[in-house]
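This report refers to the structure that appears directly beneath it.
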Amino acid sequence: MIKHIVFWKLKDHAEGNPRAVNALKMKAMLDSCANLVPGMLTFEAALAQPGLEATYDVVLYSEFASKEALDAYQDHPEHIAIKPFIGAVREARQCMDYDI
């Protein structure tokens, strides 16, 4: 099983919207990618919670049955379609994939 975890810090203002609006839009886009491919076991997008310490604004926690399933997700047209928006609104990105 492969775990795929991504954190994004968003720009204060991008694409004509403040950070909070872009975070909500980004979460909705990520949520639309759930269950895109066979072998996607877990897929959770979440926003930083007010009052809790957070250095990033959006997180994606996902698990895949195999590297092939993760690769299929990465190459899926619906996943590729959200990348331009995310690239435009993000200030920083951290990602880690690991096999368990």
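Order determines the names: the first chain of the structure tokens is A, the second B, and so forth; residues in each chain are numbered 1 upward, and ligands are numbered 1 upward as they are shown.
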Within 9 Å of Glu91 (chain A) using only C-alpha atoms, minus same-chain residues under 2 positions, as JSON, numbers by chain: {"A": [8, 9, 10, 11, 12, 87, 88, 89, 93]}
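Near region 1-4 of chain A, within 8 Å and counting only C-alpha atoms, sit A:Leu60, A:Tyr61, A:Ser62, A:Glu63, A:Phe64, A:Ala65, A:Ser66, A:Lys67, A:Leu70, A:Cys95, A:Met96, A:Asp97, A:Tyr98, A:Asp99, A:Ile100; same-chain residues fewer than 3 positions away were not included.
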Selection from above, C-alpha atoms, as a short mmCIF file (atom, residue, chain, number, x, y, z; two decimals), in the first residue's frame, can you write it?
```cif
data_model
loop_
_atom_site.label_atom_id
_atom_site.label_comp_id
_atom_site.auth_asym_id
_atom_site.auth_seq_id
_atom_site.Cartn_x
_atom_site.Cartn_y
_atom_site.Cartn_z
CA LEU A 60 -4.68 15.68 1.01
CA TYR A 61 -4.32 12.31 2.72
CA SER A 62 -4.75 9.33 0.43
CA GLU A 63 -3.94 5.63 0.29
CA PHE A 64 -3.58 3.47 -2.80
CA ALA A 65 -3.40 -0.29 -3.09
CA SER A 66 -0.29 -0.06 -5.30
CA LYS A 67 2.08 2.28 -7.10
CA LEU A 70 -1.29 5.98 -7.56
CA CYS A 95 4.45 15.95 -0.78
CA MET A 96 5.44 12.57 0.54
CA ASP A 97 4.67 9.14 -0.83
CA TYR A 98 5.67 6.07 1.12
CA ASP A 99 5.08 2.36 0.94
CA ILE A 100 3.79 0.45 3.96
#
```
Polymer residues at most 12 Å from region 22-32 of chain A, only C-alpha atoms, same-chain spacing of 3 or more positions, as JSON, numbers by chain: {"A": [6, 7, 8, 9, 10, 11, 12, 13, 14, 15, 16, 17, 18, 19, 35, 36, 42, 43, 44, 45, 46, 47, 48, 49, 56, 57, 58, 59, 60, 61, 62, 73, 78, 79, 80, 81, 82, 83, 84, 85, 86, 87, 88, 89, 90]}
Residues flagged alpha helix (DSSP H) by DSSP in chain A, as a VMD selection string: chain A and resid 19 to 31 67 to 75 77 to 89
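Scanning region 10-97 of chain A with DSSP on the backbone, the strand (DSSP E) assignments fall on Leu10, His13, Ala14, Asn17, Pro18, Met40, Leu41, Thr42, Phe43, Glu44, Ala45, Ala46, Leu47, Val58, Val59, Leu60, Tyr61, Ser62, Glu63, Phe64, Arg90, Glu91, Ala92, Arg93, Gln94, Cys95, Met96 and Asp97 of chain A.
Straight-line separation from CA of Ala20 (chain A) to CA of Leu41 (chain A): 28.4 Å.
Going from CA of Gln94 (chain A) to CA of Glu68 (chain A) covers 21.5 Å.
From CA of Gly39 (chain A) back to CA of Ala92 (chain A), the distance works out to 28.2 Å.
Across A:Glu53, A:Ile5, A:Val21, A:Pro38, the tightest approach to His76 (chain A) is made by A:Pro38 when counting only C-alpha atoms.
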